[in-house]
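Data from structure.cif: mmCIF, C-alpha atoms and all ligand atoms
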```cif
data_model
#
loop_
_atom_site.label_atom_id
_atom_site.label_comp_id
_atom_site.auth_asym_id
_atom_site.auth_seq_id
_atom_site.Cartn_x
_atom_site.Cartn_y
_atom_site.Cartn_z
CA MET A 1182 -17.55 19.72 -1.36
CA LYS A 1183 -17.52 19.21 2.37
CA THR A 1184 -15.99 15.98 3.62
CA GLY A 1185 -18.93 15.27 5.90
CA SER A 1186 -21.55 15.34 3.17
CA PHE A 1187 -19.31 13.33 0.86
CA GLU A 1188 -18.98 10.59 3.45
CA PHE A 1189 -22.73 10.58 3.96
CA ASN A 1190 -23.39 10.20 0.23
CA VAL A 1191 -20.78 7.50 -0.10
CA ARG A 1192 -22.58 5.41 2.49
CA GLU A 1193 -26.09 6.15 1.23
CA LEU A 1194 -25.17 4.99 -2.26
CA ALA A 1195 -23.39 1.84 -1.08
CA MET A 1196 -23.61 -0.65 -3.95
CA PRO A 1197 -22.94 -4.39 -4.23
CA THR A 1198 -19.31 -3.64 -5.13
CA PRO A 1199 -18.14 -0.95 -2.70
CA SER A 1200 -15.48 1.51 -3.84
CA ASP A 1201 -12.02 1.54 -2.25
CA GLU A 1202 -13.03 4.64 -0.32
CA GLU A 1203 -16.24 3.06 1.00
CA LEU A 1204 -14.24 0.07 2.17
CA MET A 1205 -11.74 2.35 3.91
CA LEU A 1206 -14.58 4.09 5.80
CA ASN A 1207 -15.62 0.68 7.10
CA VAL A 1208 -12.00 -0.13 7.99
CA ARG A 1209 -11.90 3.14 9.90
CA ASP A 1210 -14.84 1.89 11.97
CA GLY A 1211 -12.91 -1.26 12.84
CA ASP A 1212 -14.20 -3.58 10.09
CA LEU A 1213 -11.26 -5.83 9.25
CA ALA A 1214 -13.33 -7.74 6.67
CA ALA A 1215 -13.50 -4.55 4.58
CA PHE A 1216 -9.71 -4.40 4.68
CA GLU A 1217 -9.62 -8.01 3.57
CA GLN A 1218 -11.59 -6.99 0.47
CA LEU A 1219 -9.37 -3.99 -0.21
CA VAL A 1220 -5.94 -5.66 -0.01
CA PRO A 1221 -6.35 -8.15 -2.90
CA ARG A 1222 -7.92 -5.41 -4.99
CA ARG A 1223 -4.91 -3.07 -4.69
CA GLN A 1224 -2.07 -5.47 -3.93
CA THR A 1225 -0.71 -5.43 -7.48
CA GLU A 1226 -0.17 -1.67 -7.56
CA ALA A 1227 1.59 -1.67 -4.19
CA TRP A 1228 3.77 -4.66 -4.96
CA ARG A 1229 4.64 -3.59 -8.50
CA VAL A 1230 5.90 -0.13 -7.52
CA ALA A 1231 8.04 -1.65 -4.77
CA TYR A 1232 9.31 -4.37 -7.10
CA ARG A 1233 10.24 -1.96 -9.89
CA PHE A 1234 11.90 0.30 -7.34
CA THR A 1235 13.92 -2.33 -5.47
CA GLY A 1236 14.33 -4.97 -8.21
CA ASP A 1237 13.86 -7.56 -5.48
CA ALA A 1238 10.71 -9.64 -4.98
CA ALA A 1239 11.22 -10.33 -1.26
CA GLU A 1240 11.94 -6.71 -0.46
CA ALA A 1241 8.98 -5.63 -2.59
CA GLU A 1242 6.71 -7.91 -0.57
CA ASP A 1243 8.03 -6.45 2.65
CA ILE A 1244 7.47 -2.87 1.50
CA ALA A 1245 4.00 -3.59 0.09
CA GLN A 1246 2.98 -5.39 3.29
CA GLN A 1247 4.28 -2.52 5.44
CA ALA A 1248 2.28 -0.10 3.31
CA PHE A 1249 -0.99 -1.91 3.91
CA LEU A 1250 -0.30 -2.29 7.63
CA ARG A 1251 0.50 1.42 7.98
CA ILE A 1252 -2.74 2.24 6.23
CA LEU A 1253 -4.58 -0.06 8.63
CA ASP A 1254 -2.91 1.57 11.63
CA ALA A 1255 -3.82 5.04 10.40
CA ALA A 1256 -7.38 3.99 9.45
CA PRO A 1257 -9.04 5.57 12.55
CA ARG A 1258 -8.03 8.97 11.13
CA TYR A 1259 -9.00 8.18 7.53
CA THR A 1260 -10.97 10.77 5.54
CA PRO A 1261 -11.79 10.14 1.85
CA THR A 1262 -10.25 13.39 0.54
CA ALA A 1263 -8.35 11.69 -2.31
CA ALA A 1264 -8.63 8.44 -4.22
CA PHE A 1265 -7.48 5.51 -2.10
CA ARG A 1266 -5.20 4.43 -4.93
CA THR A 1267 -3.33 7.76 -4.74
CA TYR A 1268 -3.03 7.39 -0.97
CA LEU A 1269 -1.61 3.89 -1.39
CA TYR A 1270 0.96 5.12 -3.94
CA GLN A 1271 1.91 7.85 -1.49
CA VAL A 1272 2.56 5.39 1.34
CA VAL A 1273 4.47 2.94 -0.88
CA THR A 1274 6.54 5.77 -2.36
CA ARG A 1275 7.50 6.99 1.09
CA LEU A 1276 8.46 3.51 2.25
CA CYS A 1277 10.57 2.95 -0.90
CA LEU A 1278 12.50 6.18 -0.34
CA ASP A 1279 12.92 5.45 3.39
CA ARG A 1280 14.26 2.02 2.59
CA HIS A 1281 16.63 3.45 0.01
CA ARG A 1282 18.05 5.96 2.48
CA LYS A 1283 18.78 3.19 4.96
CA LYS A 1284 20.66 0.81 2.68
CA ARG A 1285 22.59 0.42 -0.54
CA PRO A 1286 20.52 -0.41 -3.62
CA VAL A 1287 20.51 -4.02 -4.74
CA LEU A 1288 21.82 -4.48 -8.25
CA ALA A 1289 19.63 -6.40 -10.64
CA GLU A 1290 22.51 -8.57 -11.92
CA SER A 1291 23.04 -10.05 -8.48
CA LEU A 1292 19.40 -11.08 -8.13
CA PRO A 1293 18.04 -14.55 -8.77
CA ASP A 1294 15.68 -14.47 -11.73
CA PRO A 1295 12.19 -15.41 -10.43
CA ALA A 1296 11.25 -16.77 -13.85
CA ALA A 1297 14.44 -18.82 -14.23
CA ALA A 1298 13.18 -21.77 -12.19
CA ALA A 1299 10.45 -22.70 -14.65
CA PRO A 1300 11.48 -23.84 -18.14
CA THR A 1301 10.43 -21.17 -20.61
CA PRO A 1302 9.84 -21.53 -24.36
CA GLU A 1303 12.47 -19.99 -26.65
CA GLU A 1304 10.32 -17.06 -27.76
CA HIS A 1305 10.05 -15.79 -24.15
CA ALA A 1306 13.79 -15.67 -23.63
CA GLY A 1307 14.00 -12.38 -25.56
CA ALA A 1308 11.29 -10.81 -23.41
CA ARG A 1309 13.07 -11.93 -20.26
CA ASP A 1310 16.37 -10.45 -21.38
CA ARG A 1311 14.61 -7.22 -22.20
CA ASP A 1312 12.97 -7.13 -18.76
CA ARG A 1313 16.28 -7.65 -17.07
CA LEU A 1314 17.86 -4.93 -19.16
CA ILE A 1315 15.07 -2.54 -18.22
CA GLN A 1316 15.42 -3.38 -14.54
CA THR A 1317 19.20 -2.89 -14.69
CA ALA A 1318 18.70 0.50 -16.36
CA LEU A 1319 16.19 1.47 -13.68
CA ASP A 1320 18.49 0.36 -10.87
CA SER A 1321 21.24 2.61 -12.17
CA LEU A 1322 19.09 5.72 -11.71
CA PRO A 1323 19.00 7.86 -8.55
CA ALA A 1324 16.09 6.87 -6.29
CA ASP A 1325 13.78 9.79 -7.07
CA HIS A 1326 14.38 9.49 -10.83
CA ARG A 1327 13.59 5.80 -10.62
CA LEU A 1328 10.35 6.44 -8.74
CA ALA A 1329 9.26 9.06 -11.24
CA ILE A 1330 9.80 6.62 -14.13
CA VAL A 1331 7.99 3.80 -12.31
CA LEU A 1332 4.97 5.94 -11.41
CA ARG A 1333 4.59 7.39 -14.89
CA TYR A 1334 5.50 4.55 -17.20
CA PHE A 1335 4.63 1.42 -15.24
CA GLU A 1336 1.71 2.76 -13.21
CA GLY A 1337 0.41 5.34 -15.68
CA LEU A 1338 0.10 8.21 -13.19
CA SER A 1339 -0.51 11.77 -14.40
CA GLY A 1340 1.64 14.69 -13.27
CA VAL A 1341 -0.93 15.65 -10.62
CA GLU A 1342 -1.17 12.08 -9.28
CA MET A 1343 2.61 11.78 -9.19
CA ALA A 1344 2.85 15.07 -7.34
CA ALA A 1345 0.45 13.74 -4.70
CA ALA A 1346 2.30 10.44 -4.41
CA MET A 1347 5.75 12.04 -4.20
CA GLY A 1348 4.80 15.00 -2.04
CA ARG A 1349 6.08 17.55 -4.55
CA SER A 1350 4.49 20.17 -6.77
CA PRO A 1351 3.34 19.13 -10.27
CA LYS A 1352 5.98 21.50 -11.70
CA ALA A 1353 8.75 19.88 -9.66
CA VAL A 1354 7.55 16.44 -10.73
CA GLU A 1355 7.64 17.43 -14.42
CA ARG A 1356 11.22 18.67 -14.04
CA LEU A 1357 12.18 15.50 -12.19
CA LEU A 1358 10.60 13.35 -14.87
CA ALA A 1359 12.43 15.24 -17.62
CA ARG A 1360 15.77 14.63 -15.88
CA ALA A 1361 14.89 10.99 -15.27
CA ARG A 1362 14.01 10.49 -18.93
CA ALA A 1363 17.24 12.10 -20.05
CA ALA A 1364 19.20 9.78 -17.75
CA LEU A 1365 17.29 6.67 -18.75
CA ALA A 1366 17.21 7.11 -22.53
CA PRO A 1367 20.88 6.25 -23.21
CA ARG A 1368 20.63 3.26 -20.89
CA LEU A 1369 17.74 1.89 -22.91
CA GLU A 1370 19.60 2.30 -26.23
CA LEU A 1371 20.65 -1.36 -26.00
CA LEU A 1372 17.00 -2.34 -26.29
CA ARG A 1373 16.75 -0.89 -29.75
CA GLU A 1374 19.65 -2.94 -31.03
CA LYS A 1375 17.77 -6.13 -30.14
CA MET B 947 -9.51 -1.73 -28.78
CA ASP B 948 -8.76 -1.09 -32.46
CA CYS B 949 -6.32 1.27 -34.20
CA ARG B 950 -8.99 3.94 -34.62
CA THR B 951 -9.42 4.32 -30.86
CA ALA B 952 -5.79 3.50 -30.00
CA GLN B 953 -4.12 6.16 -32.15
CA PRO B 954 -5.82 9.24 -30.62
CA SER B 955 -5.22 7.94 -27.05
CA LEU B 956 -1.44 7.63 -27.44
CA SER B 957 -0.62 11.16 -26.30
CA ALA B 958 -2.85 10.83 -23.20
CA TYR B 959 -1.13 7.51 -22.56
CA VAL B 960 2.37 9.02 -22.43
CA ARG B 961 1.11 11.78 -20.10
CA GLY B 962 -0.39 9.21 -17.72
CA GLU B 963 -3.86 10.59 -18.29
CA LEU B 964 -5.81 7.47 -19.29
CA PRO B 965 -8.15 5.76 -16.81
CA PRO B 966 -6.62 2.43 -15.68
CA ASP B 967 -9.03 0.25 -17.70
CA VAL B 968 -8.52 2.21 -20.95
CA ARG B 969 -4.79 2.14 -20.30
CA SER B 970 -4.67 -1.67 -20.03
CA ALA B 971 -6.85 -2.03 -23.14
CA LEU B 972 -4.42 0.19 -25.05
CA GLN B 973 -1.40 -1.73 -23.75
CA ALA B 974 -3.01 -4.98 -24.89
CA HIS B 975 -3.53 -3.46 -28.32
CA LEU B 976 0.09 -2.23 -28.47
CA ARG B 977 1.34 -5.76 -27.84
CA GLU B 978 -0.57 -6.97 -30.92
CA CYS B 979 -0.25 -4.01 -33.26
CA PRO B 980 3.19 -3.04 -34.68
CA ALA B 981 1.72 0.03 -36.40
CA CYS B 982 0.42 1.60 -33.19
CA LEU B 983 3.60 0.60 -31.35
CA ALA B 984 5.62 2.39 -34.05
CA SER B 985 3.48 5.52 -33.54
CA LEU B 986 4.10 5.34 -29.81
CA THR B 987 7.84 4.87 -30.32
CA ALA B 988 7.90 8.01 -32.48
CA LEU B 989 5.96 9.93 -29.82
CA ASP B 990 7.82 8.67 -26.73
CA PRO B 991 10.49 5.97 -27.12
CA ILE B 992 10.78 5.47 -23.35
CA ALA B 993 7.05 4.85 -22.96
CA ALA B 994 7.22 2.40 -25.86
CA ALA B 995 10.24 0.53 -24.46
CA LEU B 996 8.95 0.27 -20.89
CA GLY B 997 5.37 -0.47 -21.87
CA GLN B 998 6.44 -3.73 -23.48
CA SER B 999 7.95 -5.21 -20.35
CA GLN B 1000 6.13 -8.05 -18.63
CA GLU B 1001 4.23 -6.88 -15.56
CA PRO B 1002 4.85 -9.33 -12.74
CA PRO B 1003 1.67 -9.99 -10.72
CA ALA B 1004 1.77 -9.75 -6.91
CA PRO B 1005 3.14 -13.00 -5.46
CA GLN B 1006 0.77 -15.86 -4.61
CA GLY B 1007 -0.73 -15.56 -1.14
CA PHE B 1008 0.37 -11.94 -0.65
CA ALA B 1009 -3.05 -10.72 0.53
CA THR B 1010 -3.37 -13.68 2.91
CA ARG B 1011 0.00 -12.86 4.47
CA VAL B 1012 -0.96 -9.21 4.86
CA MET B 1013 -4.19 -10.20 6.59
CA ALA B 1014 -2.38 -12.61 8.90
CA ALA B 1015 0.00 -9.80 9.90
CA ALA B 1016 -2.96 -7.42 10.29
CA ARG B 1017 -4.80 -9.83 12.60
CA SER B 1018 -1.72 -10.55 14.69
CA ARG B 1019 -1.38 -6.87 15.55
CA GLY B 1020 -5.06 -6.38 16.41
CA LYS B 1021 -7.79 -4.17 15.02
CA PRO B 1022 -7.38 -0.41 14.60
CA VAL B 1023 -8.48 1.24 17.85
CA VAL B 1024 -11.34 3.70 17.59
CA ALA B 1025 -13.20 5.46 20.37
CA GLY B 1026 -16.60 4.13 19.31
CA ASP B 1027 -15.38 0.54 19.35
CA TRP B 1028 -14.24 0.20 22.93
CA ASP B 1029 -13.09 -3.18 24.11
CA PRO B 1030 -13.45 -3.83 27.85
CA LEU B 1031 -10.67 -6.46 27.73
CA HIS B 1032 -8.09 -3.80 26.78
CA TRP B 1033 -9.34 -1.60 29.55
CA TRP B 1034 -8.90 -4.39 32.10
CA ARG B 1035 -5.31 -5.22 31.17
CA MET B 1036 -4.19 -1.60 31.06
CA THR B 1037 -5.86 -0.60 34.34
CA PRO B 1038 -3.55 0.11 37.34
CA ALA B 1039 -3.51 -2.34 40.22
CA PRO B 1040 -5.91 -0.55 42.63
CA MET B 1041 -8.59 -0.25 39.98
CA ARG B 1042 -7.94 -3.80 38.93
CA ALA B 1043 -8.38 -4.95 42.49
CA ALA B 1044 -11.71 -3.16 42.63
CA ALA B 1045 -12.71 -4.71 39.34
CA ALA B 1046 -11.55 -8.10 40.58
CA ALA B 1047 -13.71 -7.69 43.65
CA MET B 1048 -16.68 -7.00 41.40
CA LEU B 1049 -15.73 -9.98 39.29
CA VAL B 1050 -15.65 -12.20 42.36
CA ALA B 1051 -19.10 -10.92 43.30
CA GLY B 1052 -20.27 -11.65 39.78
CA LEU B 1053 -18.76 -15.09 39.85
CA THR B 1054 -20.35 -15.89 43.16
CA ALA B 1055 -23.70 -14.85 41.79
CA GLY B 1056 -23.35 -16.63 38.47
CA LEU B 1057 -20.98 -19.47 39.30
CA ALA B 1058 -22.74 -22.13 37.24
CA THR B 1059 -22.50 -20.27 33.89
CA GLY B 1060 -19.50 -18.00 34.57
CA TRP B 1061 -16.90 -20.53 35.66
CA THR B 1062 -16.55 -22.65 32.49
CA ALA B 1063 -15.86 -19.65 30.20
CA ARG B 1064 -13.02 -18.20 32.35
CA PRO B 1065 -9.82 -19.85 30.97
CA ALA B 1066 -10.62 -18.96 27.32
CA THR B 1067 -11.41 -15.36 28.28
CA ARG B 1068 -8.12 -15.01 30.11
CA GLN B 1069 -6.18 -16.21 27.06
CA ALA B 1070 -7.91 -13.68 24.78
CA GLN B 1071 -7.05 -10.85 27.19
CA ASP B 1072 -3.35 -11.64 27.08
CA THR B 1073 -3.18 -11.91 23.28
CA GLN B 1074 -5.01 -8.64 22.73
CA ALA B 1075 -2.97 -6.80 25.32
CA VAL B 1076 0.28 -7.80 23.59
CA ALA B 1077 -1.04 -6.72 20.18
CA LEU B 1078 -2.11 -3.35 21.53
CA ALA B 1079 1.15 -2.75 23.40
CA ASP B 1080 3.09 -3.39 20.16
CA ALA B 1081 1.02 -0.92 18.17
CA VAL B 1082 1.36 1.69 20.88
CA ALA B 1083 5.13 1.25 21.12
CA ALA B 1084 5.57 1.42 17.34
CA TYR B 1085 3.46 4.49 16.75
CA HIS B 1086 3.91 6.38 20.00
CA MET B 1087 0.19 6.33 20.62
CA ASP B 1088 -0.28 8.98 17.95
CA TYR B 1089 -3.75 7.82 17.11
CA PHE B 1090 -4.91 8.45 20.64
CA GLY B 1091 -3.90 12.08 20.34
CA ASP B 1092 -7.28 13.40 19.27
CA ALA B 1093 -9.27 12.13 22.24
CA PRO B 1094 -11.32 14.97 23.76
CA ASP B 1095 -10.57 15.96 27.36
CA GLY B 1096 -12.52 13.93 29.86
CA SER B 1097 -13.62 11.31 27.35
CA LEU B 1098 -13.19 7.61 27.97
CA ALA B 1099 -10.41 7.55 25.35
CA ASP B 1100 -8.64 10.44 27.04
CA GLY B 1101 -8.74 8.63 30.38
CA TYR B 1102 -7.34 5.60 28.67
CA VAL B 1103 -4.44 7.59 27.26
CA ALA B 1104 -3.66 8.92 30.71
CA LEU B 1105 -3.67 5.42 32.17
CA LEU B 1106 -1.46 4.09 29.39
CA ALA B 1107 1.04 6.92 29.76
CA GLY B 1108 1.25 6.28 33.47
CA ARG B 1109 1.95 2.61 33.00
CA ASN B 1110 4.28 2.60 30.02
CA GLY B 1111 5.68 6.13 30.03
CA GLU B 1112 8.71 5.60 32.25
CA GLY B 1113 10.33 3.12 29.83
CA ARG B 1114 10.51 5.70 27.03
ZN ZN A 1401 -3.19 -0.45 -33.88
#
```
Translate this file's structure into structure tokens.
Ligand SMILES: [Zn+2]
Amino acid sequence: MKTGSFEFNVRELAMPTPSDEELMLNVRDGDLAAFEQLVPRRQTEAWRVAYRFTGDAAEAEDIAQQAFLRILDAAPRYTPTAAFRTYLYQVVTRLCLDRHRKKRPVLAESLPDPAAAAPTPEEHAGARDRDRLIQTALDSLPADHRLAIVLRYFEGLSGVEMAAAMGRSPKAVERLLARARAALAPRLELLREK
Amino acid sequence: MDCRTAQPSLSAYVRGELPPDVRSALQAHLRECPACLASLTALDPIAAALGQSQEPPAPQGFATRVMAAARSRGKPVVAGDWDPLHWWRMTPAPMRAAAAAMLVAGLTAGLATGWTARPATRQAQDTQAVALADAVAAYHMDYFGDAPDGSLADGYVALLAGRNGEGR
């Protein structure tokens, strides 16, 4: 399918709830209100990947915000060749890896627990411990292993989607994921004893 | 979702091949159903362990903060959406003088209506010029690169390069 005709159809069929890609075409034409609709719709994906990758809420916010602003800056060149969601994962992934190259990873144990401020009922304490254990296990992985685990198991991306997000071939992504799983499995053993 | 639909979707789930809405429905079912969770654990213990973790939502006010940052840096610049205020601020002195002369002529002609709006207009020019200069410095004007020769955008790039180029 040619991009031109796809764009035309997208606009002709504009419905009450525009798709991400329709909104991005409007953003490309300078419509900031369309961007304002898009950000809340996709903020969770962007923030969650960054949060699982960094283990730090403030840094996750910074990365997720940067991702949206980069997309806005590049909007004049936007063409709807892939799902917007995949594009967003790609930008967030790149920012996560850039950030990682520039600084040491933050260890989960040294982080304040965002949930700790509010009093939590007893039955949630176990879930919180488990979350912290998972985050610690993730933090101990090399950056690309960690990203592969986050994209597959927290975001539910297929091999092809992960390949697009990580800028690698689907084969390379499968190999990476296999190594990441092998590294993570023993670190999650503790979970089973609970 | 019930066990009859959950069970056959487990293998697509571990391969990341479920549509997002089906995936969340299955995850909700897994939280309630020990039998299906046991099947998942047998199939992929990592998927089972990680799938149970609480998913933190994006922080309160995140989208608002993104939009505030987006507005403070100005709109994306596209050739079809030309803003004469940018043009004015980025124009070299001789051309500005010429434009100023025209402005004076305009003001003389339309003094009664033109005069009151001036201070606000001036303010807007300064704000937008700063936002544009930031974006240009950060991204090395790469989104002006595609302007066709001789177009208004191309002329604009040339002017910008002349004014800001020596600092780089
Ligand atoms: Zn079930």
Chain A residues near chain B (8 Å cut-off, all atoms listed in the file) as a tab-separated table (two decimals) with C-alpha atoms, keeping the file's coordinate frame:
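Okay, this is what ended up in result-v2.tsv:
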```
chain	number	residue	atom	x	y	z
A	1209	ARG	CA	-11.90	3.14	9.90
A	1210	ASP	CA	-14.84	1.89	11.97
A	1211	GLY	CA	-12.91	-1.26	12.84
A	1213	LEU	CA	-11.26	-5.83	9.25
A	1217	GLU	CA	-9.62	-8.01	3.57
A	1220	VAL	CA	-5.94	-5.66	-0.01
A	1221	PRO	CA	-6.35	-8.15	-2.90
A	1224	GLN	CA	-2.07	-5.47	-3.93
A	1225	THR	CA	-0.71	-5.43	-7.48
A	1228	TRP	CA	3.77	-4.66	-4.96
A	1229	ARG	CA	4.64	-3.59	-8.50
A	1242	GLU	CA	6.71	-7.91	-0.57
A	1246	GLN	CA	2.98	-5.39	3.29
A	1249	PHE	CA	-0.99	-1.91	3.91
A	1250	LEU	CA	-0.30	-2.29	7.63
A	1253	LEU	CA	-4.58	-0.06	8.63
A	1254	ASP	CA	-2.91	1.57	11.63
A	1255	ALA	CA	-3.82	5.04	10.40
A	1256	ALA	CA	-7.38	3.99	9.45
A	1257	PRO	CA	-9.04	5.57	12.55
A	1258	ARG	CA	-8.03	8.97	11.13
A	1308	ALA	CA	11.29	-10.81	-23.41
A	1311	ARG	CA	14.61	-7.22	-22.20
A	1312	ASP	CA	12.97	-7.13	-18.76
A	1315	ILE	CA	15.07	-2.54	-18.22
A	1333	ARG	CA	4.59	7.39	-14.89
A	1334	TYR	CA	5.50	4.55	-17.20
A	1335	PHE	CA	4.63	1.42	-15.24
A	1337	GLY	CA	0.41	5.34	-15.68
A	1338	LEU	CA	0.10	8.21	-13.19
A	1339	SER	CA	-0.51	11.77	-14.40
A	1340	GLY	CA	1.64	14.69	-13.27
A	1362	ARG	CA	14.01	10.49	-18.93
A	1366	ALA	CA	17.21	7.11	-22.53
A	1369	LEU	CA	17.74	1.89	-22.91
A	1372	LEU	CA	17.00	-2.34	-26.29
```
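Near ligand ZN 1401 (chain A), at a distance of at most 6 Å and with all atoms listed in the file counted, sit the residues Asp948, Cys949, Cys979, Ala981 and Cys982 of chain B.
You will find CA of Ala1245 (chain A) at 12.0 Å from CA of Arg1280 (chain A).
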Practice item. Skip Leu1278 (chain A) itself and residues of its chain fewer than 4 positions away, then list as a PyMOL selection string all residues within 10 Å of it, counting only C-alpha atoms. Key: chain A and resi 1234+1273-1274+1282-1283+1324-1325+1328+1347
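Taking CA of Leu1219 (chain A) and CA of Thr1267 (chain A) as endpoints, the distance between them is 14.0 Å.
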Exercise for review: Measure the distance from CA of Leu1332 (chain A) to CA of Val1230 (chain A) in Å and round it to one decimal.
Suggested key: 7.3 Å
Check your understanding: Using all atoms listed in the file, which residues sit within 12 Å of Ala1345 (chain A) once same-chain residues fewer than 6 positions away are excluded, as a PyMOL selection string?
Key -> chain A and resi 1262-1272+1274-1275+1329+1332+1338-1339+1351-1354
Revision key, fill the gap. In terms of only C-alpha atoms, the residue from B:Ala1044, B:Ala1014, B:Leu1057, B:Leu976 at minimal distance from Phe1216 (chain A) is B:Ala1014
Padding 6 Å on each side, edges along x, y and z: where is the centre of the box around the listed atoms of region 976-987 of chain B, and how long are its edges in Å to one decimal? Output it as JSON.
```
{"center_x": 3.6, "center_y": -0.7, "center_z": -32.1, "size_x": 20.4, "size_y": 24.5, "size_z": 20.6}
```
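When all atoms listed in the file are used to measure the gap to Leu1358 (chain A), the shortest distance among A:Ile1244, A:Ala1215, A:Met1343, A:Leu1276 belongs to A:Met1343.
Distance annotation: of A:Pro1261, A:Gly1348, A:Pro1367, A:Gly1236, the residue with the minimal separation from Arg1327 (chain A) is A:Gly1236; atom set is all atoms listed in the file.
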